[in-house]
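Engineer: Quick one: the structure is below, and I'll ask about it shortly.
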Amino acid sequence: MKLGIQLFRNYWHMVCHRNELPNDGDFIRFKTPIGDVVVFNDCGNYIAFDNRCAHRGTFIYLTDFGNQANTCKYHGWTFKSGNLIIPAFEQFKGCSINKADLNRYKLDWCGDFLFLGVEPQSDLYAQLDGAVEFIENISFNISGRLDAITYEYECTWPIAVENALEPYHIGMVHPGTLANLKLEDGLNTFYGSNSVWQAPLGDDRIKKQLTRLGTFLNIDYAYQGYMSIFMFPFTMISSTFGYSYSLQNFFPHQSRHDRTNFMSRLLACHVKDERAQTIMQPFFDSTAKVNRIIFEEDHSICKIMPVDAWSADPLIFMSDQELKISHFRDMCRFNLNILDKNNY
Ligand code: FES
Ligand SMILES: [Fe+2]
């Protein structure tokens, strides 16, 4: 459990795209190993804070997504335009009321993707290393959120992450969904603690269909195949042909070692015009539907892996398709060495 908290505190985490929170009051709430974290559009400025009222600790946001003023339901303390507005302010005598503020976390941008940091040990671009170029390029092609789901995976977080890192299980676990793409072996590239997998599609019919749809889109960057970018330690963004992107966070649970807080967003790319939007909508809808099935399939296999099925040791039997797991475990061991070795 301590490893999860340490990684959460010491690394930057991709939390959303700029176009997911376009309006004043838009928010997303994340369940994290240090408690709720909210990312919030405050009159055009983005802030992240711990979802607790600075007065007496009430939760401010009670849902995962939405639009709501940053006002506490208890006594009405309100955060707006960078300031706390406190009812009956003059009655707070004998305390440092001027120092009252939300408990804020750091935010930084890579392109139009927003990253959260609690006590990050390096700057964002150094952490992302060579993955920066992919992330920036993708970010400028995204128009907004199509779908979102959150649930608790019934497994410990590294098992959920490792499942997302290897394509070896696709034939067994996703026979009617992801396996239809007939992904080829592909190429793994490692950038610092992160990794990128690019795999051509083996199914010509699907490839042709996707190529045809490309004429309705307004994108200037795309990998013409399946690409997934893993941003150590908890986040993955993946796409087929760059038409939509699945952003997934696997945050360690705050109190349960055998649970993972999974949040997934489906982000759409820019379409050319309104007519193109009408044509693309059924494609986006079916992508959202299929993605939900894929996550259920992944969850169903992850939950039959007990907590002690994972350790940071190298895999004893490793296929070429599990190379990214090996790299992930290297990074976990590196961080465990900073910690006490047995404290996972
Ligand atoms: S606890 Fe939030 S305003 Fe008092
Ligand atoms: Fe999977």
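A note on labels: chains of the structure tokens are A, B, ... as shown, every chain counts residues from 1, and ligands are counted from 1 in their shown order.
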Pick out the residues no farther than 9 Å from ligand 2, counting only C-alpha atoms and all ligand atoms, and list them as a list in words.
Structural biologist: Asn163, Ala164, Leu165, Glu166, Pro167, Tyr168, His169, Ile170, Val173, His174, Leu178, Ile294, Phe295, Glu297, Asp298, His299 and Ile301 of chain A
Engineer: Those same residues, written as a PDB file, in the first residue's frame with C-alpha atoms?
Structural biologist:
```pdb
ATOM      1  CA  ASN A 163      -3.209  -6.201 -17.455  1.00  0.00           C
ATOM      2  CA  ALA A 164      -3.414  -2.959 -19.412  1.00  0.00           C
ATOM      3  CA  LEU A 165       0.258  -3.270 -20.337  1.00  0.00           C
ATOM      4  CA  GLU A 166       0.243  -6.589 -22.141  1.00  0.00           C
ATOM      5  CA  PRO A 167      -1.565  -7.654 -25.329  1.00  0.00           C
ATOM      6  CA  TYR A 168      -0.861 -11.357 -24.682  1.00  0.00           C
ATOM      7  CA  HIS A 169      -4.331 -11.844 -23.110  1.00  0.00           C
ATOM      8  CA  ILE A 170      -6.327 -10.258 -25.943  1.00  0.00           C
ATOM      9  CA  VAL A 173     -10.105 -12.276 -22.688  1.00  0.00           C
ATOM     10  CA  HIS A 174     -11.410 -10.129 -25.562  1.00  0.00           C
ATOM     11  CA  LEU A 178     -10.328  -6.162 -29.187  1.00  0.00           C
ATOM     12  CA  ILE A 294     -13.568  -4.427 -22.954  1.00  0.00           C
ATOM     13  CA  PHE A 295     -13.179  -2.922 -19.467  1.00  0.00           C
ATOM     14  CA  GLU A 297     -13.720  -8.218 -19.703  1.00  0.00           C
ATOM     15  CA  ASP A 298     -10.477  -6.893 -18.217  1.00  0.00           C
ATOM     16  CA  HIS A 299     -12.081  -6.498 -14.824  1.00  0.00           C
ATOM     17  CA  ILE A 301      -9.990 -11.472 -15.327  1.00  0.00           C
TER      18      ILE A 301
END
```
Engineer: Might you pull out every residue within 10 Å of Gly82 of chain A, with only C-alpha atoms counted and same-chain residues fewer than 2 positions away left off, and present them as a PyMOL selection string?
Structural biologist: chain A and resi 42-43+45-47+79-80+84-85+101-102
Engineer: For the residues in that selection, give me N, CA and C atoms as a compact mmCIF listing (two decimals), in the first residue's frame.
Structural biologist:
```txt
# COMPACT_ATOMS: atom_id res chain seq x y z
N ASP A 42 -12.11 27.12 -12.43
CA ASP A 42 -12.48 28.28 -11.62
C ASP A 42 -12.36 29.52 -12.49
N CYS A 43 -13.47 29.91 -13.11
CA CYS A 43 -13.49 31.09 -14.00
C CYS A 43 -12.37 31.03 -15.04
N ASN A 45 -9.55 29.35 -14.85
CA ASN A 45 -8.30 28.80 -14.30
C ASN A 45 -8.57 27.39 -13.77
N TYR A 46 -7.60 26.52 -13.96
CA TYR A 46 -7.79 25.16 -13.48
C TYR A 46 -7.10 25.01 -12.14
N ILE A 47 -7.84 24.47 -11.17
CA ILE A 47 -7.23 24.23 -9.87
C ILE A 47 -7.49 22.78 -9.45
N PHE A 79 -15.40 29.08 -2.94
CA PHE A 79 -14.15 29.43 -3.61
C PHE A 79 -14.50 29.92 -5.00
N LYS A 80 -14.09 31.14 -5.31
CA LYS A 80 -14.40 31.70 -6.63
C LYS A 80 -13.32 32.69 -7.04
N LEU A 84 -11.35 32.60 -1.39
CA LEU A 84 -12.42 32.04 -0.55
C LEU A 84 -13.32 33.18 -0.09
N ILE A 85 -14.62 32.97 -0.26
CA ILE A 85 -15.59 33.96 0.23
C ILE A 85 -16.23 33.33 1.46
N ASP A 101 -7.55 28.58 3.04
CA ASP A 101 -7.51 28.31 1.59
C ASP A 101 -7.82 26.83 1.38
N LEU A 102 -8.17 26.49 0.16
CA LEU A 102 -8.29 25.08 -0.18
C LEU A 102 -6.92 24.44 -0.06
```
Engineer: Find the residues near Arg205 of chain A: any atom within 12 Å, counting only C-alpha atoms, skip ones fewer than 4 places away on the same chain, and give them as a PyMOL selection string.
Structural biologist: chain A and resi 180-182+201+209-212
Engineer: Just how far from atom CA of Arg145 of chain A is atom CA of Ala276 of chain A, in Å to one decimal?
Structural biologist: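 So the answer is 17.2 Å.
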Engineer: As a ChimeraX atom specification, please: every residue in segment 186-293 of chain A that DSSP puts in strand (DSSP E).
Structural biologist: /A:187-191,194-199,226-231,235-240,244-252,260-269
Engineer: Do you know which residues are at most 8 Å from Pro252 of chain A counting only C-alpha atoms, after dropping those on the same chain fewer than 6 positions away, and could you put them as number ranges by chain?
Structural biologist: A: 1, 4-5, 32-33, 156-157, 259-261
Engineer: How would you write, as number ranges by chain, the set of residues no farther than 7 Å from ligand 1 when counting only C-alpha atoms and all ligand atoms?
Structural biologist: A: 53-58, 72-77
Engineer: Taking only C-alpha atoms into account, produce a table as a Markdown table in which each residue of segment 90-182 of chain A with an atom at most 9 Å from an atom of segment 190-200 of chain A appears once, together with its shortest atom pair and the distance in Å to one decimal, ordered by chain and rising number.
Structural biologist:
```
| residue | atom | partner | partner_atom | distance |
| --- | --- | --- | --- | --- |
| A:Ala126 | CA | A:Gly192 | CA | 8.6 |
| A:Gln127 | CA | A:Gly192 | CA | 7.1 |
| A:Leu128 | CA | A:Asn194 | CA | 6.8 |
| A:Asp129 | CA | A:Tyr191 | CA | 5.6 |
| A:Gly130 | CA | A:Tyr191 | CA | 5.2 |
| A:Ala131 | CA | A:Tyr191 | CA | 6.1 |
| A:Leu165 | CA | A:Trp197 | CA | 8.9 |
| A:Lys182 | CA | A:Pro200 | CA | 8.7 |
```
Engineer: Quick check, in Å to one decimal: how far apart do atom CA of Gly242 of chain A and atom CA of His17 of chain A lie?
Structural biologist: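 So the two atoms, atom CA of Gly242 of chain A and atom CA of His17 of chain A, lie 15.1 Å apart.
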Engineer: Between atom CA of Leu266 of chain A and atom CA of Ser300 of chain A, what is the spacing in Å?
Structural biologist: 20.5 Å
Engineer: So, with only C-alpha atoms as the atoms that count, which of A:Tyr11, A:Tyr221, A:Phe65, A:Trp109 lies closest to Phe140 of chain A?
Structural biologist: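 Closest residue, counting only C-alpha atoms: A:Tyr221.
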Engineer: Just want the 10 Å neighbourhood of segment 118-122 of chain A, counted on only C-alpha atoms, with same-chain residues fewer than 3 positions away dropped. Output as a list in words.
Structural biologist: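 Using only C-alpha atoms, the neighbours found are Gln6, Leu7, Phe8, Arg9, Asn10, Tyr11, Trp12, His13, Ile34, Ala48, Phe49, Arg104, Tyr105, Lys106, Leu107, Tyr125, Ala126, Gln127 and Leu128 of chain A.
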Engineer: Filtering to N, CA and C atoms, could you give me those residues as a PDB file, in the first residue's frame?
Structural biologist:
```pdb
ATOM      1  N   GLN A   6       3.233   6.415  -2.257  1.00  0.00           N
ATOM      2  CA  GLN A   6       4.477   7.105  -2.627  1.00  0.00           C
ATOM      3  C   GLN A   6       4.469   7.485  -4.110  1.00  0.00           C
ATOM      4  N   LEU A   7       4.049   6.537  -4.941  1.00  0.00           N
ATOM      5  CA  LEU A   7       4.026   6.821  -6.373  1.00  0.00           C
ATOM      6  C   LEU A   7       3.029   7.929  -6.683  1.00  0.00           C
ATOM      7  N   PHE A   8       1.902   7.898  -5.974  1.00  0.00           N
ATOM      8  CA  PHE A   8       0.910   8.949  -6.213  1.00  0.00           C
ATOM      9  C   PHE A   8       1.482  10.319  -5.857  1.00  0.00           C
ATOM     10  N   ARG A   9       2.204  10.386  -4.778  1.00  0.00           N
ATOM     11  CA  ARG A   9       2.754  11.674  -4.339  1.00  0.00           C
ATOM     12  C   ARG A   9       3.928  12.132  -5.202  1.00  0.00           C
ATOM     13  N   ASN A  10       4.735  11.187  -5.680  1.00  0.00           N
ATOM     14  CA  ASN A  10       6.022  11.569  -6.289  1.00  0.00           C
ATOM     15  C   ASN A  10       5.990  11.752  -7.807  1.00  0.00           C
ATOM     16  N   TYR A  11       4.909  11.341  -8.442  1.00  0.00           N
ATOM     17  CA  TYR A  11       4.838  11.443  -9.902  1.00  0.00           C
ATOM     18  C   TYR A  11       3.703  12.374 -10.313  1.00  0.00           C
ATOM     19  N   TRP A  12       3.813  12.867 -11.548  1.00  0.00           N
ATOM     20  CA  TRP A  12       2.705  13.591 -12.176  1.00  0.00           C
ATOM     21  C   TRP A  12       1.729  12.571 -12.763  1.00  0.00           C
ATOM     22  N   HIS A  13       0.431  12.911 -12.740  1.00  0.00           N
ATOM     23  CA  HIS A  13      -0.598  12.010 -13.274  1.00  0.00           C
ATOM     24  C   HIS A  13      -1.483  12.764 -14.258  1.00  0.00           C
ATOM     25  N   ILE A  34      -4.675   9.113  -1.596  1.00  0.00           N
ATOM     26  CA  ILE A  34      -4.620  10.118  -0.514  1.00  0.00           C
ATOM     27  C   ILE A  34      -5.993  10.774  -0.318  1.00  0.00           C
ATOM     28  N   ALA A  48      -6.615  22.250  -8.614  1.00  0.00           N
ATOM     29  CA  ALA A  48      -6.825  20.909  -8.049  1.00  0.00           C
ATOM     30  C   ALA A  48      -6.732  21.045  -6.539  1.00  0.00           C
ATOM     31  N   PHE A  49      -7.613  20.378  -5.843  1.00  0.00           N
ATOM     32  CA  PHE A  49      -7.604  20.456  -4.377  1.00  0.00           C
ATOM     33  C   PHE A  49      -8.189  19.177  -3.792  1.00  0.00           C
ATOM     34  N   ARG A 104      -4.481  22.870  -1.876  1.00  0.00           N
ATOM     35  CA  ARG A 104      -4.304  22.756  -3.336  1.00  0.00           C
ATOM     36  C   ARG A 104      -3.133  21.874  -3.716  1.00  0.00           C
ATOM     37  N   TYR A 105      -3.269  21.269  -4.905  1.00  0.00           N
ATOM     38  CA  TYR A 105      -2.178  20.486  -5.482  1.00  0.00           C
ATOM     39  C   TYR A 105      -1.683  21.190  -6.742  1.00  0.00           C
ATOM     40  N   LYS A 106      -0.551  20.692  -7.227  1.00  0.00           N
ATOM     41  CA  LYS A 106       0.041  21.312  -8.422  1.00  0.00           C
ATOM     42  C   LYS A 106      -0.644  20.800  -9.687  1.00  0.00           C
ATOM     43  N   LEU A 107      -0.683  21.660 -10.688  1.00  0.00           N
ATOM     44  CA  LEU A 107      -1.150  21.266 -12.015  1.00  0.00           C
ATOM     45  C   LEU A 107      -0.160  21.768 -13.052  1.00  0.00           C
ATOM     46  N   TYR A 125       7.926  17.572 -17.865  1.00  0.00           N
ATOM     47  CA  TYR A 125       8.523  17.165 -19.134  1.00  0.00           C
ATOM     48  C   TYR A 125       9.662  16.175 -18.925  1.00  0.00           C
ATOM     49  N   ALA A 126      10.404  16.332 -17.832  1.00  0.00           N
ATOM     50  CA  ALA A 126      11.477  15.364 -17.545  1.00  0.00           C
ATOM     51  C   ALA A 126      10.860  14.000 -17.250  1.00  0.00           C
ATOM     52  N   GLN A 127       9.755  13.982 -16.514  1.00  0.00           N
ATOM     53  CA  GLN A 127       9.114  12.699 -16.197  1.00  0.00           C
ATOM     54  C   GLN A 127       8.589  12.004 -17.457  1.00  0.00           C
ATOM     55  N   LEU A 128       7.987  12.783 -18.349  1.00  0.00           N
ATOM     56  CA  LEU A 128       7.381  12.168 -19.541  1.00  0.00           C
ATOM     57  C   LEU A 128       8.425  11.792 -20.589  1.00  0.00           C
TER      58      LEU A 128
END
```
Engineer: Env of Gly111 of chain A: 10 Å cut, atoms = only C-alpha atoms, seq-sep filter 5 positions within chain, self excluded. Answer as a list in words.
Structural biologist: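 Contacts, with the query itself left out: His17, Arg18, Val132, Glu133, Phe134, Ile135, Glu136, Asn137, Ile138, Ser139 and Phe140 of chain A.
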Engineer: Using the selection just defined, write its residues with N, CA and C atoms as a short mmCIF file (atom, residue, chain, number, x, y, z; two decimals), in the first residue's frame.
Structural biologist:
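After the write, selection_6.cif holds the following:
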```
data_model
loop_
_atom_site.label_atom_id
_atom_site.label_comp_id
_atom_site.auth_asym_id
_atom_site.auth_seq_id
_atom_site.Cartn_x
_atom_site.Cartn_y
_atom_site.Cartn_z
N HIS A 17 -8.29 16.25 -20.14
CA HIS A 17 -8.01 17.10 -21.29
C HIS A 17 -8.69 18.45 -21.07
N ARG A 18 -8.08 19.49 -21.60
CA ARG A 18 -8.63 20.84 -21.44
C ARG A 18 -10.10 20.90 -21.84
N VAL A 132 6.58 12.92 -24.49
CA VAL A 132 6.01 14.26 -24.60
C VAL A 132 5.47 14.52 -26.00
N GLU A 133 6.26 14.18 -26.98
CA GLU A 133 5.88 14.49 -28.36
C GLU A 133 4.55 13.83 -28.74
N PHE A 134 4.39 12.56 -28.37
CA PHE A 134 3.12 11.86 -28.66
C PHE A 134 1.97 12.56 -27.94
N ILE A 135 2.19 12.84 -26.66
CA ILE A 135 1.11 13.38 -25.82
C ILE A 135 0.67 14.75 -26.33
N GLU A 136 1.65 15.60 -26.64
CA GLU A 136 1.31 16.93 -27.16
C GLU A 136 0.53 16.82 -28.47
N ASN A 137 1.05 16.00 -29.37
CA ASN A 137 0.41 15.88 -30.68
C ASN A 137 -1.02 15.37 -30.57
N ILE A 138 -1.22 14.36 -29.73
CA ILE A 138 -2.57 13.82 -29.53
C ILE A 138 -3.48 14.91 -28.98
N SER A 139 -2.96 15.67 -28.02
CA SER A 139 -3.83 16.58 -27.27
C SER A 139 -4.51 17.60 -28.18
N PHE A 140 -3.81 18.03 -29.23
CA PHE A 140 -4.38 19.08 -30.09
C PHE A 140 -5.44 18.55 -31.05
#
```
Engineer: Quick one: residues within 12 Å of Arg329 of chain A, only C-alpha atoms, excluding same-chain residues fewer than 2 positions away - as a count of residues only?
Structural biologist: 27
Engineer: So which one's closest to Gly171 of chain A, A:Leu183, A:Leu21, A:Ser246, A:Thr278? Using only C-alpha atoms, please.
Structural biologist: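 Closest candidate: A:Leu183.
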Engineer: Quick one: of A:Lys272, A:Met14, A:Asn188, A:Ile28, who's nearest to Phe234 of chain A, counting only C-alpha atoms?
Structural biologist: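 Once distances to Phe234 of chain A are computed over only C-alpha atoms, the minimum belongs to A:Met14.
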Engineer: Running DSSP on the backbone, which parts of segment 22-134 of chain A land in helix (DSSP H, G or I), as JSON, numbers by chain?
Structural biologist: {"A": [89, 90, 91, 97, 98, 99, 124, 125, 126, 127, 128, 129, 130, 131, 132, 133, 134]}
Engineer: Can I get the selection written as a CSV table (one decimal), in the first residue's frame, with N, CA and C atoms?
Structural biologist:
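Result went into again-v1.csv, see below:
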```
chain,number,residue,atom,x,y,z
A,89,PHE,N,-17.6,36.9,7.8
A,89,PHE,CA,-16.1,36.9,7.9
A,89,PHE,C,-15.6,37.6,9.1
A,90,GLU,N,-16.3,38.7,9.5
A,90,GLU,CA,-15.8,39.5,10.6
A,90,GLU,C,-16.0,38.8,11.9
A,91,GLN,N,-16.7,37.7,12.0
A,91,GLN,CA,-16.9,37.0,13.2
A,91,GLN,C,-15.7,36.0,13.5
A,97,ILE,N,-7.8,33.8,9.9
A,97,ILE,CA,-8.8,33.5,8.9
A,97,ILE,C,-8.3,33.9,7.5
A,98,ASN,N,-7.4,34.9,7.4
A,98,ASN,CA,-6.9,35.3,6.1
A,98,ASN,C,-6.0,34.2,5.5
A,99,LYS,N,-5.6,33.3,6.3
A,99,LYS,CA,-4.8,32.2,5.7
A,99,LYS,C,-5.6,31.0,5.2
A,124,LEU,N,7.5,18.0,-15.1
A,124,LEU,CA,6.6,17.2,-15.9
A,124,LEU,C,7.3,16.7,-17.1
A,125,TYR,N,7.9,17.6,-17.9
A,125,TYR,CA,8.5,17.2,-19.1
A,125,TYR,C,9.7,16.2,-18.9
A,126,ALA,N,10.4,16.3,-17.8
A,126,ALA,CA,11.5,15.4,-17.5
A,126,ALA,C,10.9,14.0,-17.2
A,127,GLN,N,9.8,14.0,-16.5
A,127,GLN,CA,9.1,12.7,-16.2
A,127,GLN,C,8.6,12.0,-17.5
A,128,LEU,N,8.0,12.8,-18.3
A,128,LEU,CA,7.4,12.2,-19.5
A,128,LEU,C,8.4,11.8,-20.6
A,129,ASP,N,9.6,12.4,-20.5
A,129,ASP,CA,10.7,12.1,-21.4
A,129,ASP,C,10.2,12.1,-22.9
A,130,GLY,N,10.6,11.2,-23.7
A,130,GLY,CA,10.3,11.2,-25.1
A,130,GLY,C,8.8,11.0,-25.4
A,131,ALA,N,8.0,10.6,-24.4
A,131,ALA,CA,6.6,10.5,-24.6
A,131,ALA,C,5.9,11.8,-24.8
A,132,VAL,N,6.6,12.9,-24.5
A,132,VAL,CA,6.0,14.3,-24.6
A,132,VAL,C,5.5,14.5,-26.0
A,133,GLU,N,6.3,14.2,-27.0
A,133,GLU,CA,5.9,14.5,-28.4
A,133,GLU,C,4.5,13.8,-28.7
A,134,PHE,N,4.4,12.6,-28.4
A,134,PHE,CA,3.1,11.9,-28.7
A,134,PHE,C,2.0,12.6,-27.9
```
Engineer: Check the smallest atom-to-atom distance from each of A:Leu62, A:Val307, A:Ile316, A:Ile142 to Ile219 of chain A using only C-alpha atoms, then report the winner.
Structural biologist: A:Ile142
